[in-house]
Amino acid sequence: MTERLIIRLASKASQKNHWLIWSESGNEIIASGEVDNAEQLNLLTEKAQQRRVICLVPGADVSIKEIAINGPFNRQMQQALPYLVEEELAADVDTLHFSVIAKDSDSVHAAICEKDKIVTWLAWLEAAQIRCRQFIPEGLALPVGESGQWQALQLDNEWIVRENQNMAWSCEPEMLDLLIAGKSADDALVKIESYSQRPANCHGEWTELLPVLPLEVLARGTLNNKINLLSGEFKPKKESNKQLEKWRVPAILAITLFVVLLLNLYLKNTRVEQQTELVKEHVEAVYKQAFPVQSALQYARIKKKISTMLIGLEGDVDSGFLVMLNDLVPAFAAHPEFTANNIKFDSKTQEMRIAASADNFQAFEKFNAALAANFTVEQGALSSNKEGVSGLLTIRNK
């Protein structure tokens with residue numbers, strides 16, 4: 001992603017949240033603005049799509065402490081950190097989240113924030129359907145002074161100050177002079193480079209830099225910034241491949257459908273084979289009943305035998321009946337749900353009357369439609385009962 005959305009989250013839901021879209025390739029601002037409160041973060045939902053989202057969290061809600069350690073920093077030391085500074089903290093350490101931002105041989109710097117505050121910020125973003133994987137304390141997005149100068153800027157009614165690589169803080173204007181004075185060593189003047197107009201009557205040797213949009217300064221500071229308050233229990237889960245996730249459900253559905261079709265085809269073929277065997281047995285039984293004096297034949301030979309017998313009877317049997325019956329065979333074969341119970345043929349009028357039955361009215365309609373091209377069909381009244389639908393059809397050649 002060559003563009004990123006920077007959101008400076010507020011301390012309270014009722015306060016403004018600033019935002020800026022930064023182009024890495026163009027090294028420029030694409031757009032910027034603010035939303036009046038946490039509920040309006042959904043106005044940034046569309047802007048967050050296809051962009052990396054980084055949130056800056058207020059320094060007033062995150063304190064950074066240097067904690068002395070003995071020995072190498074390992075998992076056990078990580079778990080012990082809260083209790084090394086327990087007496088210096090006003091809140092119960094179990095309610096606080098510690099995120100190590102830097103390690104030295106004999107100390108570590110940890111960003112400390114109330115867990116409930118992080119949960120609240122994440123809830124705001126989730127409600128706005130914005131996915132963010134990095135929280136940076138705002139002061140640590142300011143540049144690091146080249147010769148030890150502090151960096152400062154004012155955003156709304158708050159000053160953001162960065163002392164060095166690992167130490168930063170924020171405060172209201174009324175507290176700025178007091179904090180700078182308390183951090184000055186041996187009454188020496190602290191050198192401070194400010195991106196905002198310097199405050200009046202404040203300790204330190206101030207230098208005003210060229211005015212820059214505050215969030216632009218902070219946005220530049222997010223580039224290649226590895227600091228992340230979202231660690232430990234708040235560490236984001238690995239994001240799955242979006243393209244694979246996009247096609248996961250369709251793929252499952254396709255595979256399921258394929259299996260169902262195979263099963264259906266198997267069952268259908270099984271039923272067809274079973275039905276075919278029943279039909280063959282039925283044909284053989286009818287042949288034996290119709291021609292008791294003839295030798296019993298298997299299905300494969302019955303058709304040939306009957307054809308031979310018909311040729312021999314051609315001069316004695318009304319050929320109109322046989323021709324019409326032969327023309328009706330494809331319709332009967334295509335509609336097995338339609339059953340002829342009785343067939344009568346009137347040689348004078350050359351019409352066939354079929355007393356038939358089917359499962360439903362639609363079966364009659366389909367059978368009639370199959371004959372429409374070559375025959376005229378008159379359908380009598382249909383009756384319906386629990387066993388199905390029955391009726392009489394009168395069929396004539398066109």
# chains A, B, ... in the order shown; residues from 1 in each chain; ligands from 1
>>> residues_around(residues="range 197-207 of chain A", least_positions_apart="2", cutoff="9 Å", atoms="only C-alpha atoms", output="list in words")
Leu153, Gln154, Pro173, Leu176, Asp177, Leu178, Ile180, Ala181, Ser184, Ala188, Leu189, Val190, Lys191, Ile192, Glu193, Ser194, Tyr195, Leu209 and Pro211 of chain A
>>> write_last_selection(atoms="C-alpha atoms", output="short mmCIF file (atom, residue, chain, number, x, y, z; two decimals), in the first residue's frame")
data_model
loop_
_atom_site.label_atom_id
_atom_site.label_comp_id
_atom_site.auth_asym_id
_atom_site.auth_seq_id
_atom_site.Cartn_x
_atom_site.Cartn_y
_atom_site.Cartn_z
CA LEU A 153 4.21 21.07 18.50
CA GLN A 154 0.75 22.10 19.61
CA PRO A 173 -0.55 24.46 27.91
CA LEU A 176 4.02 22.91 29.91
CA ASP A 177 6.32 25.35 31.75
CA LEU A 178 6.13 23.35 34.99
CA ILE A 180 9.93 21.58 31.28
CA ALA A 181 11.32 23.22 34.40
CA SER A 184 15.75 20.68 33.19
CA ALA A 188 20.33 24.67 32.17
CA LEU A 189 18.11 25.91 29.41
CA VAL A 190 16.60 23.07 27.40
CA LYS A 191 16.82 23.65 23.67
CA ILE A 192 13.45 23.09 22.03
CA GLU A 193 12.57 23.19 18.32
CA SER A 194 8.90 23.97 17.85
CA TYR A 195 6.65 23.45 14.83
CA LEU A 209 10.64 26.09 12.77
CA PRO A 211 4.97 26.24 10.35
#
>>> residues_around(residues="range 128-145 of chain A", least_positions_apart="6", cutoff="7 Å", atoms="only C-alpha atoms", output="list in words")
Leu41, Asn42, Thr45, Ala48, Val53, Ile54, Cys55, Leu56, Val57, Pro58, Gly59, Val62, Gln151, Ile160, Val161, Arg162, Asn164, Gln165, Ala168, Trp169, Val217, Leu218, Gly221, Thr222, Ile227, Asn228, Leu229, Leu230 and Pro236 of chain A
>>> residues_around(residues="Leu382 in chain A", least_positions_apart="4", cutoff="9 Å", atoms="only C-alpha atoms", output="PyMOL selection string")
chain A and resi 361+389-392
>>> write_last_selection(atoms="all heavy atoms", output="short mmCIF file (atom, residue, chain, number, x, y, z; two decimals), in the first residue's frame")
data_model
loop_
_atom_site.label_atom_id
_atom_site.label_comp_id
_atom_site.auth_asym_id
_atom_site.auth_seq_id
_atom_site.Cartn_x
_atom_site.Cartn_y
_atom_site.Cartn_z
N PHE A 361 -51.42 -32.69 -12.62
CA PHE A 361 -51.99 -32.09 -13.83
C PHE A 361 -50.89 -31.70 -14.83
O PHE A 361 -51.09 -31.76 -16.03
CB PHE A 361 -52.82 -30.86 -13.47
CG PHE A 361 -54.07 -31.19 -12.68
CD1 PHE A 361 -54.09 -31.03 -11.30
CD2 PHE A 361 -55.21 -31.67 -13.32
CE1 PHE A 361 -55.24 -31.34 -10.57
CE2 PHE A 361 -56.36 -31.96 -12.60
CZ PHE A 361 -56.38 -31.81 -11.22
N VAL A 389 -53.81 -38.15 -10.74
CA VAL A 389 -54.76 -37.51 -11.65
C VAL A 389 -55.03 -38.47 -12.81
O VAL A 389 -54.10 -39.09 -13.34
CB VAL A 389 -54.20 -36.18 -12.18
CG1 VAL A 389 -55.17 -35.53 -13.15
CG2 VAL A 389 -53.90 -35.22 -11.02
N SER A 390 -56.30 -38.58 -13.24
CA SER A 390 -56.64 -39.46 -14.36
C SER A 390 -57.56 -38.71 -15.31
O SER A 390 -58.24 -37.75 -14.92
CB SER A 390 -57.32 -40.74 -13.86
OG SER A 390 -58.51 -40.44 -13.13
N GLY A 391 -57.58 -39.16 -16.58
CA GLY A 391 -58.41 -38.51 -17.57
C GLY A 391 -58.36 -39.24 -18.90
O GLY A 391 -57.65 -40.24 -19.07
N LEU A 392 -59.11 -38.70 -19.88
CA LEU A 392 -59.21 -39.33 -21.19
C LEU A 392 -58.67 -38.37 -22.25
O LEU A 392 -59.04 -37.20 -22.28
CB LEU A 392 -60.68 -39.67 -21.51
CG LEU A 392 -60.95 -40.31 -22.87
CD1 LEU A 392 -60.30 -41.68 -22.96
CD2 LEU A 392 -62.45 -40.39 -23.13
#
>>> atom_distance(atom1="CA of Val212 in chain A", atom2="CA of Trp121 in chain A")
27.0 Å
>>> select_by_dssp(residues="range 65-293 of chain A", states="helix (DSSP H, G or I)", output="NGL selection string")
:A and (75-84 or 86-88 or 93-95 or 115-127 or 138-141 or 173-183 or 214-220 or 232-234 or 242-290)
>>> select_by_dssp(residues="range 115-259 of chain A", states="strand (DSSP E)", output="PyMOL selection string")
chain A and resi 135-137+150-155+158-162+168-171+191-194+205-208
>>> write_last_selection(atoms="N, CA and C atoms", output="mmCIF file, in the first residue's frame")
data_model
loop_
_atom_site.group_PDB
_atom_site.id
_atom_site.type_symbol
_atom_site.label_atom_id
_atom_site.label_comp_id
_atom_site.auth_asym_id
_atom_site.auth_seq_id
_atom_site.Cartn_x
_atom_site.Cartn_y
_atom_site.Cartn_z
ATOM 1 N N PHE A 135 -0.788 1.107 16.998
ATOM 2 C CA PHE A 135 -1.029 2.284 17.833
ATOM 3 C C PHE A 135 0.343 2.857 18.218
ATOM 4 N N ILE A 136 0.569 4.125 17.894
ATOM 5 C CA ILE A 136 1.840 4.771 18.239
ATOM 6 C C ILE A 136 1.546 5.925 19.201
ATOM 7 N N PRO A 137 2.208 5.979 20.367
ATOM 8 C CA PRO A 137 2.068 7.176 21.210
ATOM 9 C C PRO A 137 2.477 8.402 20.401
ATOM 10 N N TRP A 150 14.976 19.135 21.987
ATOM 11 C CA TRP A 150 13.641 18.571 22.088
ATOM 12 C C TRP A 150 12.819 19.050 20.888
ATOM 13 N N GLN A 151 11.802 18.263 20.548
ATOM 14 C CA GLN A 151 10.880 18.622 19.483
ATOM 15 C C GLN A 151 9.485 18.843 20.090
ATOM 16 N N ALA A 152 8.772 19.853 19.596
ATOM 17 C CA ALA A 152 7.462 20.151 20.174
ATOM 18 C C ALA A 152 6.512 20.691 19.110
ATOM 19 N N LEU A 153 5.250 20.433 19.324
ATOM 20 C CA LEU A 153 4.211 21.067 18.500
ATOM 21 C C LEU A 153 2.917 21.077 19.302
ATOM 22 N N GLN A 154 2.034 21.980 18.932
ATOM 23 C CA GLN A 154 0.751 22.103 19.613
ATOM 24 C C GLN A 154 -0.357 21.588 18.691
ATOM 25 N N LEU A 155 -1.194 20.710 19.232
ATOM 26 C CA LEU A 155 -2.342 20.179 18.506
ATOM 27 C C LEU A 155 -3.572 20.409 19.367
ATOM 28 N N GLU A 158 -3.280 21.060 23.342
ATOM 29 C CA GLU A 158 -2.318 20.140 23.941
ATOM 30 C C GLU A 158 -0.957 20.304 23.282
ATOM 31 N N TRP A 159 0.087 20.297 24.099
ATOM 32 C CA TRP A 159 1.457 20.320 23.590
ATOM 33 C C TRP A 159 2.014 18.897 23.587
ATOM 34 N N ILE A 160 2.659 18.555 22.472
ATOM 35 C CA ILE A 160 3.287 17.239 22.333
ATOM 36 C C ILE A 160 4.798 17.468 22.271
ATOM 37 N N VAL A 161 5.525 16.769 23.142
ATOM 38 C CA VAL A 161 6.963 17.007 23.265
ATOM 39 C C VAL A 161 7.713 15.679 23.183
ATOM 40 N N ARG A 162 8.793 15.680 22.420
ATOM 41 C CA ARG A 162 9.679 14.513 22.370
ATOM 42 C C ARG A 162 11.058 14.933 22.834
ATOM 43 N N ALA A 168 8.869 10.695 25.369
ATOM 44 C CA ALA A 168 7.965 11.728 24.868
ATOM 45 C C ALA A 168 6.784 11.834 25.822
ATOM 46 N N TRP A 169 6.104 12.973 25.771
ATOM 47 C CA TRP A 169 4.944 13.188 26.638
ATOM 48 C C TRP A 169 4.075 14.307 26.078
ATOM 49 N N SER A 170 2.890 14.440 26.613
ATOM 50 C CA SER A 170 1.956 15.492 26.189
ATOM 51 C C SER A 170 1.320 16.106 27.422
ATOM 52 N N CYS A 171 0.911 17.365 27.269
ATOM 53 C CA CYS A 171 0.274 18.041 28.401
ATOM 54 C C CYS A 171 -0.538 19.228 27.902
ATOM 55 N N LYS A 191 17.017 23.147 25.025
ATOM 56 C CA LYS A 191 16.821 23.651 23.669
ATOM 57 C C LYS A 191 15.640 22.905 23.031
ATOM 58 N N ILE A 192 14.689 23.676 22.565
ATOM 59 C CA ILE A 192 13.452 23.087 22.026
ATOM 60 C C ILE A 192 13.174 23.662 20.639
ATOM 61 N N GLU A 193 12.990 22.781 19.660
ATOM 62 C CA GLU A 193 12.571 23.186 18.320
ATOM 63 C C GLU A 193 11.061 22.967 18.214
ATOM 64 N N SER A 194 10.355 24.021 17.858
ATOM 65 C CA SER A 194 8.896 23.967 17.850
ATOM 66 C C SER A 194 8.341 24.152 16.448
ATOM 67 N N GLU A 205 15.090 27.205 25.733
ATOM 68 C CA GLU A 205 15.552 28.026 24.614
ATOM 69 C C GLU A 205 14.817 27.547 23.358
ATOM 70 N N TRP A 206 13.821 28.315 22.980
ATOM 71 C CA TRP A 206 12.911 27.872 21.917
ATOM 72 C C TRP A 206 13.364 28.383 20.549
ATOM 73 N N THR A 207 13.221 27.515 19.551
ATOM 74 C CA THR A 207 13.446 27.900 18.159
ATOM 75 C C THR A 207 12.207 27.510 17.361
ATOM 76 N N GLU A 208 11.625 28.490 16.706
ATOM 77 C CA GLU A 208 10.432 28.209 15.914
ATOM 78 C C GLU A 208 10.831 27.776 14.507
#
>>> residues_around(residues="Phe375 in chain A", least_positions_apart="5", cutoff="12 Å", atoms="only C-alpha atoms", output="ChimeraX atom specification")
/A:324-325,327-328,331,350-352,367-370,393-398
>>> atom_distance(atom1="CA of Ile354 in chain A", atom2="CA of Ala340 in chain A")
6.3 Å
>>> closest_residue(among="A:Asn166, A:Thr256, A:Ser357, A:Gln49", to="Ile67 in chain A", atoms="only C-alpha atoms")
A:Asn166
>>> closest_residue(among="A:Cys113, A:Ile101, A:Leu322, A:Leu5", to="Gln50 in chain A", atoms="only C-alpha atoms")
A:Leu5
>>> atom_distance(atom1="CA of Ala38 in chain A", atom2="CA of Ser63 in chain A")
22.6 Å
